[in-house]
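model23.cif, holding mmCIF, C-alpha atoms and all ligand atoms:
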```cif
data_protein
loop_
_atom_site.label_atom_id
_atom_site.label_comp_id
_atom_site.auth_asym_id
_atom_site.auth_seq_id
_atom_site.Cartn_x
_atom_site.Cartn_y
_atom_site.Cartn_z
CA MET A 1 120.63 -27.87 56.81
CA ARG A 2 122.40 -24.77 58.01
CA LYS A 3 123.25 -24.89 61.70
CA GLY A 4 120.77 -23.25 64.03
CA ILE A 5 117.72 -23.44 61.77
CA ILE A 6 114.75 -25.49 62.84
CA PRO A 7 113.09 -27.20 59.90
CA LEU A 8 109.38 -26.64 59.97
CA LEU A 9 108.87 -29.93 58.23
CA LEU A 10 110.58 -32.73 60.08
CA CYS A 11 112.10 -35.78 58.50
CA LEU A 12 110.38 -38.86 59.80
CA CYS A 13 113.03 -40.30 62.07
CA LEU A 14 110.40 -42.64 63.50
CA LEU A 15 111.94 -42.86 66.93
CA ALA A 16 108.55 -43.76 68.31
CA GLY A 17 108.46 -43.35 72.02
CA CYS A 18 112.15 -42.53 72.26
CA ALA A 19 113.25 -40.21 75.05
CA GLY A 20 116.68 -38.95 75.86
CA ARG A 21 119.02 -36.20 76.86
CA ALA A 22 119.96 -33.74 74.13
CA ALA A 23 122.95 -31.44 73.89
CA ASN A 24 122.85 -28.12 75.75
CA ASP A 25 121.44 -29.68 78.91
CA ALA A 26 118.05 -30.38 77.46
CA GLU A 27 115.49 -33.12 77.89
CA THR A 28 113.88 -34.38 74.74
CA VAL A 29 110.97 -36.70 73.98
CA GLU A 30 110.00 -37.96 70.55
CA LEU A 31 106.90 -39.78 69.40
CA MET A 32 104.62 -40.47 66.47
CA ALA A 33 101.22 -38.90 67.15
CA MET A 34 98.41 -37.42 65.06
CA ASP A 35 99.96 -39.18 62.05
CA THR A 36 103.16 -37.17 62.26
CA PHE A 37 106.55 -37.11 63.99
CA MET A 38 106.70 -34.97 67.12
CA ARG A 39 109.57 -33.84 69.31
CA VAL A 40 109.57 -31.75 72.48
CA THR A 41 112.86 -30.32 73.73
CA ALA A 42 112.83 -28.69 77.17
CA TYR A 43 116.07 -26.92 78.13
CA GLY A 44 117.35 -27.38 81.68
CA GLU A 45 116.81 -30.16 84.23
CA HIS A 46 113.25 -30.95 83.21
CA ARG A 47 113.00 -34.69 82.62
CA GLU A 48 109.61 -34.94 84.33
CA ALA A 49 108.19 -31.99 82.40
CA ALA A 50 109.29 -33.55 79.11
CA GLU A 51 107.66 -36.86 80.03
CA LEU A 52 104.45 -35.05 81.04
CA ALA A 53 104.46 -33.29 77.67
CA LYS A 54 104.57 -36.64 75.92
CA GLU A 55 101.71 -37.98 78.03
CA GLU A 56 99.65 -34.87 77.26
CA ILE A 57 100.12 -35.28 73.49
CA THR A 58 99.13 -38.95 73.64
CA ALA A 59 96.08 -38.17 75.78
CA LEU A 60 94.90 -35.40 73.44
CA GLU A 61 95.36 -37.61 70.39
CA SER A 62 93.16 -40.29 71.89
CA LEU A 63 90.38 -37.71 72.46
CA LEU A 64 90.56 -35.97 69.11
CA SER A 65 91.27 -38.50 66.37
CA VAL A 66 88.52 -38.75 63.79
CA THR A 67 89.41 -42.35 62.90
CA ASP A 68 90.11 -43.85 66.35
CA GLU A 69 86.92 -45.63 67.42
CA GLY A 70 87.63 -44.84 71.08
CA SER A 71 87.91 -41.05 70.59
CA GLU A 72 85.35 -38.45 71.63
CA ILE A 73 85.22 -37.08 68.10
CA TYR A 74 84.42 -40.55 66.74
CA ALA A 75 81.65 -40.95 69.34
CA ALA A 76 80.22 -37.53 68.44
CA ASN A 77 80.32 -38.33 64.72
CA HIS A 78 78.41 -41.57 65.29
CA ALA A 79 75.79 -40.26 67.74
CA GLU A 80 73.05 -40.02 65.04
CA GLY A 81 71.74 -36.69 66.29
CA LYS A 82 71.82 -37.55 70.01
CA PRO A 83 73.65 -35.29 72.49
CA VAL A 84 77.06 -36.44 73.76
CA THR A 85 79.03 -35.22 76.76
CA LEU A 86 82.56 -34.11 75.93
CA SER A 87 85.55 -33.85 78.25
CA SER A 88 86.38 -30.26 79.14
CA ASP A 89 89.50 -30.52 76.91
CA THR A 90 87.57 -31.46 73.76
CA ALA A 91 84.79 -28.99 74.57
CA ALA A 92 87.31 -26.14 75.01
CA LEU A 93 89.03 -26.91 71.69
CA LEU A 94 85.74 -27.26 69.82
CA SER A 95 84.41 -23.97 71.24
CA ARG A 96 87.58 -22.12 70.21
CA ALA A 97 87.52 -23.82 66.79
CA LEU A 98 83.89 -22.73 66.24
CA GLU A 99 84.86 -19.12 67.03
CA LEU A 100 87.60 -19.37 64.40
CA CYS A 101 85.15 -20.87 61.85
CA GLU A 102 82.93 -17.85 62.48
CA SER A 103 85.71 -15.25 62.31
CA THR A 104 87.05 -16.69 59.02
CA GLY A 105 83.57 -16.60 57.47
CA GLY A 106 83.53 -20.38 57.14
CA ALA A 107 86.84 -20.70 55.21
CA LEU A 108 87.65 -22.90 58.20
CA ASP A 109 84.79 -25.34 58.72
CA VAL A 110 85.23 -28.11 61.28
CA THR A 111 82.32 -30.06 59.78
CA ILE A 112 84.26 -30.71 56.54
CA TYR A 113 84.81 -34.39 57.41
CA PRO A 114 82.31 -36.05 55.00
CA VAL A 115 84.09 -34.32 52.10
CA VAL A 116 87.63 -35.03 53.38
CA ARG A 117 86.69 -38.71 53.73
CA ALA A 118 85.22 -38.87 50.22
CA TRP A 119 88.60 -37.75 48.81
CA GLY A 120 90.29 -40.51 50.85
CA PHE A 121 92.57 -38.22 52.83
CA THR A 122 92.07 -40.00 56.14
CA THR A 123 92.41 -43.51 54.71
CA ASP A 124 94.98 -42.93 51.94
CA GLU A 125 92.46 -44.51 49.53
CA PHE A 126 92.56 -41.48 47.26
CA ARG A 127 89.88 -40.82 44.66
CA VAL A 128 88.31 -37.88 42.83
CA PRO A 129 84.63 -37.81 43.81
CA GLU A 130 81.99 -36.95 41.21
CA ALA A 131 80.59 -33.39 41.31
CA ASP A 132 77.11 -34.57 42.37
CA GLU A 133 78.57 -36.70 45.17
CA LEU A 134 80.43 -33.62 46.48
CA ALA A 135 77.30 -31.47 46.14
CA ALA A 136 75.35 -33.98 48.26
CA LEU A 137 78.11 -34.17 50.89
CA LEU A 138 78.34 -30.38 51.10
CA GLU A 139 74.73 -30.37 52.37
CA ARG A 140 76.21 -31.85 55.55
CA VAL A 141 79.00 -29.28 55.89
CA ASP A 142 77.98 -26.31 58.04
CA TYR A 143 79.67 -25.44 61.32
CA THR A 144 76.64 -23.36 62.39
CA GLN A 145 74.76 -26.68 62.83
CA VAL A 146 77.07 -27.63 65.72
CA SER A 147 75.33 -27.00 69.03
CA MET A 148 77.33 -26.73 72.27
CA GLU A 149 75.73 -26.21 75.69
CA GLY A 150 78.48 -26.38 78.28
CA ASN A 151 80.19 -29.69 77.57
CA THR A 152 77.17 -31.16 75.77
CA LEU A 153 77.52 -31.39 72.02
CA THR A 154 74.73 -32.09 69.58
CA LEU A 155 75.38 -32.67 65.88
CA PRO A 156 72.48 -33.19 63.48
CA ALA A 157 72.61 -36.71 62.00
CA GLY A 158 75.03 -36.71 59.05
CA VAL A 159 77.12 -33.78 60.31
CA GLU A 160 80.64 -34.92 61.26
CA LEU A 161 83.54 -33.11 62.88
CA ASP A 162 87.18 -33.04 61.76
CA LEU A 163 89.55 -31.14 64.05
CA GLY A 164 92.61 -31.99 61.90
CA ALA A 165 93.09 -28.34 60.91
CA VAL A 166 93.30 -27.10 64.52
CA ALA A 167 94.23 -29.96 66.87
CA LYS A 168 98.01 -29.79 66.51
CA GLY A 169 98.03 -26.03 67.13
CA TRP A 170 95.90 -26.50 70.21
CA THR A 171 98.13 -29.34 71.39
CA GLY A 172 101.06 -26.93 71.10
CA ASP A 173 99.26 -24.42 73.34
CA ARG A 174 98.46 -27.08 75.90
CA VAL A 175 101.96 -28.53 76.00
CA ALA A 176 103.58 -25.08 76.15
CA ALA A 177 101.32 -24.15 79.10
CA LEU A 178 102.16 -27.39 80.86
CA LEU A 179 105.91 -26.84 80.41
CA ARG A 180 105.65 -23.28 81.73
CA GLN A 181 103.74 -24.56 84.79
CA GLN A 182 106.58 -27.01 85.35
CA GLY A 183 109.05 -24.12 85.42
CA VAL A 184 110.46 -24.60 81.92
CA GLU A 185 111.66 -21.28 80.51
CA SER A 186 113.00 -22.41 77.17
CA ALA A 187 111.52 -25.18 75.01
CA LEU A 188 110.92 -26.10 71.41
CA LEU A 189 107.87 -28.10 70.31
CA GLU A 190 108.04 -29.62 66.83
CA LEU A 191 104.60 -31.06 66.08
CA GLY A 192 104.76 -32.05 62.41
CA GLY A 193 104.49 -28.83 60.42
CA ASN A 194 103.72 -26.85 63.58
CA ILE A 195 106.49 -25.23 65.61
CA HIS A 196 105.77 -23.84 69.06
CA THR A 197 108.38 -22.02 71.13
CA VAL A 198 108.48 -21.43 74.89
CA GLY A 199 110.62 -18.39 75.71
CA ALA A 200 113.77 -17.74 73.72
CA LYS A 201 116.69 -20.10 73.15
CA PRO A 202 118.66 -20.94 76.31
CA ASP A 203 121.30 -18.33 75.37
CA GLY A 204 118.58 -15.67 75.10
CA SER A 205 118.64 -15.41 71.30
CA LEU A 206 115.58 -15.92 69.09
CA TRP A 207 114.61 -19.30 67.61
CA ARG A 208 115.24 -19.45 63.87
CA VAL A 209 112.33 -21.34 62.32
CA ALA A 210 112.57 -22.43 58.69
CA VAL A 211 109.66 -22.29 56.25
CA THR A 212 109.71 -25.29 53.90
CA ASP A 213 110.24 -24.70 50.19
CA PRO A 214 107.04 -26.25 48.77
CA ALA A 215 108.74 -27.06 45.47
CA GLY A 216 112.07 -28.42 46.70
CA ASP A 217 113.90 -30.15 49.50
CA GLY A 218 115.13 -27.06 51.29
CA TYR A 219 113.70 -23.94 52.87
CA ALA A 220 112.13 -20.85 51.39
CA GLY A 221 112.76 -18.60 54.37
CA VAL A 222 113.60 -18.24 58.02
CA VAL A 223 111.62 -16.38 60.67
CA GLU A 224 113.02 -15.49 64.09
CA VAL A 225 110.64 -15.76 67.06
CA ALA A 226 110.33 -16.22 70.83
CA ASN A 227 107.22 -17.37 72.73
CA LYS A 228 105.33 -17.89 69.48
CA ALA A 229 103.88 -20.59 67.28
CA VAL A 230 104.79 -20.85 63.59
CA VAL A 231 102.36 -23.01 61.62
CA THR A 232 102.34 -23.85 57.91
CA SER A 233 99.63 -25.27 55.65
CA GLY A 234 100.41 -26.21 52.09
CA GLY A 235 99.19 -28.31 49.21
CA TYR A 236 102.50 -30.13 48.69
CA GLU A 237 102.54 -32.68 51.51
CA ARG A 238 99.27 -34.55 51.83
CA CYS A 239 98.29 -34.85 48.20
CA PHE A 240 97.88 -37.26 45.30
CA GLU A 241 97.94 -37.08 41.52
CA ARG A 242 95.31 -38.24 39.00
CA ASP A 243 95.52 -37.65 35.25
CA GLY A 244 98.22 -35.03 35.65
CA GLU A 245 96.30 -33.03 38.25
CA THR A 246 97.40 -32.72 41.90
CA TYR A 247 94.73 -32.83 44.61
CA TRP A 248 95.49 -31.84 48.21
CA HIS A 249 93.91 -32.05 51.64
CA ILE A 250 92.91 -28.40 52.17
CA ILE A 251 89.34 -28.20 50.96
CA ASP A 252 87.28 -25.16 50.04
CA PRO A 253 84.05 -25.65 52.03
CA ASP A 254 82.12 -23.76 49.33
CA THR A 255 83.01 -26.18 46.53
CA GLY A 256 84.17 -29.44 48.15
CA TYR A 257 87.32 -29.35 45.96
CA PRO A 258 90.90 -28.71 47.09
CA ALA A 259 91.35 -24.95 47.48
CA ARG A 260 93.18 -23.55 44.42
CA THR A 261 93.80 -19.93 45.19
CA GLY A 262 97.24 -19.40 43.75
CA LEU A 263 99.11 -20.20 46.96
CA GLN A 264 101.77 -22.82 47.57
CA SER A 265 101.80 -22.38 51.33
CA VAL A 266 100.67 -20.17 54.17
CA THR A 267 102.65 -19.78 57.39
CA VAL A 268 101.04 -17.99 60.33
CA VAL A 269 102.98 -16.56 63.29
CA ALA A 270 101.24 -15.64 66.57
CA GLU A 271 101.24 -16.49 70.26
CA GLU A 272 98.23 -18.80 70.15
CA GLY A 273 98.99 -22.06 68.34
CA VAL A 274 95.36 -22.98 67.66
CA LYS A 275 94.80 -19.62 66.00
CA CYS A 276 97.92 -20.10 63.82
CA ASP A 277 96.75 -23.58 62.82
CA ALA A 278 93.20 -22.47 62.04
CA LEU A 279 94.34 -19.42 60.10
CA SER A 280 97.03 -21.20 58.08
CA THR A 281 94.30 -23.49 56.76
CA ALA A 282 91.68 -20.74 56.36
CA LEU A 283 93.99 -18.24 54.62
CA PHE A 284 95.04 -20.97 52.18
CA VAL A 285 91.34 -21.37 51.34
CA MET A 286 90.82 -17.59 51.08
CA GLY A 287 93.75 -16.91 48.74
CA PRO A 288 96.17 -13.96 48.82
CA GLU A 289 93.79 -11.01 48.35
CA LYS A 290 91.18 -12.13 50.87
CA ALA A 291 93.94 -13.18 53.29
CA ALA A 292 95.40 -9.66 53.15
CA GLU A 293 91.95 -8.15 53.68
CA PHE A 294 91.29 -10.48 56.61
CA TRP A 295 94.64 -9.54 58.21
CA ARG A 296 93.91 -5.81 57.80
CA GLU A 297 90.47 -6.22 59.37
CA THR A 298 91.41 -8.48 62.29
CA GLY A 299 95.18 -8.40 62.95
CA GLY A 300 96.78 -10.10 65.94
CA PHE A 301 98.94 -12.36 63.79
CA ASP A 302 101.50 -12.28 60.97
CA PHE A 303 101.81 -14.41 57.88
CA ILE A 304 104.15 -15.53 55.12
CA LEU A 305 102.45 -16.44 51.83
CA LEU A 306 104.40 -18.30 49.15
CA THR A 307 102.47 -17.78 45.93
CA GLY A 308 102.30 -20.01 42.88
CA GLY A 309 104.06 -17.26 40.94
CA GLY A 310 107.06 -17.43 43.29
CA GLU A 311 106.32 -14.28 45.28
CA ILE A 312 106.78 -14.00 49.02
CA VAL A 313 104.15 -11.87 50.76
CA ILE A 314 104.62 -11.06 54.45
CA THR A 315 102.91 -8.79 56.96
CA GLU A 316 104.74 -5.83 58.46
CA GLY A 317 105.02 -7.33 61.97
CA ILE A 318 107.70 -9.79 60.82
CA GLU A 319 109.46 -7.51 58.36
CA GLY A 320 112.55 -7.38 60.56
CA SER A 321 112.56 -11.05 61.52
CA PHE A 322 111.94 -12.83 58.19
CA SER A 323 114.54 -13.53 55.52
CA PRO A 324 114.15 -15.50 52.29
CA TYR A 325 116.42 -18.50 51.97
CA GLY A 326 117.76 -21.09 49.50
CA ALA A 327 116.10 -21.03 46.07
CA TRP A 328 113.89 -18.13 47.25
CA ILE A 329 116.73 -15.88 48.38
CA ASP A 330 116.50 -13.48 45.43
CA GLN A 331 112.70 -13.33 45.35
CA THR A 332 111.08 -10.01 46.09
CA VAL A 333 109.48 -9.91 49.50
CA ILE A 334 106.25 -7.91 49.37
CA VAL A 335 105.46 -6.40 52.77
CA LEU A 336 101.79 -5.72 53.54
CA ARG A 337 101.05 -2.69 55.69
CA ARG A 338 97.90 -1.57 57.38
P1 LIG B 401 96.00 -28.22 58.06
O1 LIG B 401 96.00 -27.24 56.98
O2 LIG B 401 96.26 -27.69 59.43
O3 LIG B 401 94.71 -29.05 58.10
C1 LIG B 401 94.19 -29.72 56.98
C2 LIG B 401 93.29 -30.78 57.48
O4 LIG B 401 92.13 -30.19 58.04
C3 LIG B 401 92.82 -31.71 56.38
O5 LIG B 401 93.59 -32.89 56.36
C4 LIG B 401 91.39 -31.98 56.76
O6 LIG B 401 91.36 -33.03 57.70
C5 LIG B 401 90.96 -30.71 57.44
N1 LIG B 401 90.47 -29.68 56.53
C6 LIG B 401 90.65 -29.53 55.19
N2 LIG B 401 90.06 -28.41 54.73
C7 LIG B 401 89.51 -27.83 55.82
C8 LIG B 401 88.76 -26.63 56.00
N3 LIG B 401 88.48 -25.80 55.00
N4 LIG B 401 88.33 -26.36 57.25
C9 LIG B 401 88.60 -27.17 58.29
N5 LIG B 401 89.31 -28.31 58.19
C10 LIG B 401 89.77 -28.62 56.96
N6 LIG B 401 95.95 -38.78 59.50
C11 LIG B 401 95.95 -40.04 59.01
O7 LIG B 401 96.16 -40.23 57.81
N7 LIG B 401 95.72 -41.11 59.83
C12 LIG B 401 95.46 -40.95 61.15
O8 LIG B 401 95.26 -41.93 61.87
C13 LIG B 401 95.44 -39.63 61.69
N8 LIG B 401 95.19 -39.40 63.01
C14 LIG B 401 95.14 -38.12 63.47
C15 LIG B 401 94.80 -37.88 64.81
C16 LIG B 401 94.70 -36.59 65.29
C17 LIG B 401 94.30 -36.35 66.72
C18 LIG B 401 94.98 -35.47 64.42
C19 LIG B 401 94.88 -34.06 64.90
C20 LIG B 401 95.34 -35.70 63.10
C21 LIG B 401 95.42 -37.02 62.61
N9 LIG B 401 95.74 -37.27 61.28
C22 LIG B 401 95.71 -38.55 60.80
C23 LIG B 401 96.13 -36.17 60.35
C24 LIG B 401 94.91 -35.40 59.84
O9 LIG B 401 94.09 -36.26 59.16
C25 LIG B 401 95.31 -34.25 58.93
O10 LIG B 401 95.87 -34.75 57.77
C26 LIG B 401 96.29 -33.33 59.56
O11 LIG B 401 95.77 -32.92 60.79
C27 LIG B 401 96.55 -32.18 58.64
O12 LIG B 401 97.32 -31.23 59.26
P2 LIG B 401 98.18 -30.22 58.42
O13 LIG B 401 98.95 -29.45 59.41
O14 LIG B 401 98.89 -30.93 57.34
O15 LIG B 401 97.14 -29.31 57.64
MG MG B 402 95.73 -25.83 60.18
#
```
Structure rendered as structure tokens:
Amino acid sequence: MRKGIIPLLLCLCLLAGCAGRAANDAETVELMAMDTFMRVTAYGEHREAAELAKEEITALESLLSVTDEGSEIYAANHAEGKPVTLSSDTAALLSRALELCESTGGALDVTIYPVVRAWGFTTDEFRVPEADELAALLERVDYTQVSMEGNTLTLPAGVELDLGAVAKGWTGDRVAALLRQQGVESALLELGGNIHTVGAKPDGSLWRVAVTDPAGDGYAGVVEVANKAVVTSGGYERCFERDGETYWHIIDPDTGYPARTGLQSVTVVAEEGVKCDALSTALFVMGPEKAAEFWRETGGFDFILLTGGGEIVITEGIEGSFSPYGAWIDQTVIVLRR
């Protein structure tokens, strides 16, 4: 790795629970959470803030996991149509997630869980469901069936939530806010494929965040940011192969099959982590043309699309801060304008 670049996809160092003092007068905590490796680095004398960040991540995981029998999401998914009272944290995330389901026209659908489970993505017992099984499960996928009144959630029996597409982004927002409250002015949050930055680097320069090359070991590009989240969704990480075909974990809620829209990955850059996380998943489902249309209509974020044909498509807001890298260095970068 070239010095100074933060890999978007972390190697699994598995230093579960490890905490220590990094170079440059920084406090760092590392943990496995949400089925991925996470590291928070807070620059300056901020040991307590770093420890609080770790506690926050662990607390949010225990509320939001779809498989943990003690979580609020598990309780909601097993309530058989009865109302359940959520903590204000879970209720706030779910409300924001429902707004994002609406604004993406259902490309993001937080009730996708019955379908995700049928493919085996939460259990690693992968299988290709039959078309009629998927058709039956899709009857239960519809975010408009989720009813929230204050902190009271009611799901019709059979409807089940999966916040896997948004929870890490939201965790980034929460941890960044906590660090700022603690007086931290410069911090880097590496939450699996999600990067969240607080301020600029300690020397005042921008963070250089790498976008993983979906087809290789290296990076396809680097984007420079401060005070922003950079979140990638792709079909190359959580996937399995059957009869020569690759199936991945980003599902088109219209068909129940992995979204095949000609994209290798989508990276979204914006201030709000949960929005980046939701949109990286939703734009992957939409595909390049609809993603461009959606960006022109709504704005408030930038993206980097790596297409199956090897093109790089970016939005004009990051034209000056993105550069292709490694095997992608000579690829044409198409810049979308309003
Ligand atoms: P994203 O693109 O951000 O999200 C993809 C995930 O969102 C899919 O895995 C699926 O769960 C869901 N999804 C797919 N299509 C859609 C869609 N169209 N709309 C909405 N959602 C969609 N994984 C494990 O294997 N074991 C665990 O114990 C486990 N625990 C977790 C606990 C928590 C609190 C969280 C947040 C995640 C956990 N995960 C676990 C990982 C989770 O199952 C997802 O694989 C992960 O969140 C995917 O994130 P991503 O950034 O790779 O992809
Ligand atoms: Mg996502």
Long-range neighbours of A:Gly199 as a ChimeraX atom specification, 9 Å cut-off, only C-alpha atoms, 3 positions minimum in chain: /A:184-188,202,204,206,226-228
All residues having an atom within 7 Å of ligand LIG 401 (chain B) (all atoms listed in the file) as a VMD selection string: chain A and resid 33 to 35 60 to 62 64 to 67 107 to 110 112 to 113 116 121 to 124 162 to 168 193 to 194 232 to 234 238 249 to 253 277 to 278 280 to 282 285
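The coordinates place atom CA of A:Gly300 at 27.2 Å from atom CA of A:Ile329.
Nearest residue to ligand MG 402 (chain B) among A:Gln182, A:Ala75, A:Lys275, A:Pro83 is A:Lys275, counting only C-alpha atoms and all ligand atoms.
The residue that comes closest to ligand MG 402 (chain B), out of A:Glu69, A:Pro214, A:Asn77, A:Ser265 and on the basis of all atoms listed in the file, is A:Ser265.
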Neighbour list for A:Val313 as JSON, numbers by chain, cut-off 12 Å, only C-alpha atoms, skip fewer than 5 positions in-chain: {"A": [221, 263, 264, 265, 266, 267, 268, 287, 288, 289, 291, 292, 302, 303, 304, 305, 306, 307, 308, 318, 319, 322, 323, 324, 331, 332, 333, 334, 335, 336, 337]}
For A:Val115: contacts at 10 Å, all atoms listed in the file, fewer than 5 positions along chain excluded, given as a list in words: Gly120, Phe121, Pro129, Glu133, Leu134, Ala135, Ala136, Leu137, Leu138, Arg140, Val141, Glu160, Ile251, Asp252, Pro253, Thr255, Gly256 and Tyr257 of chain A
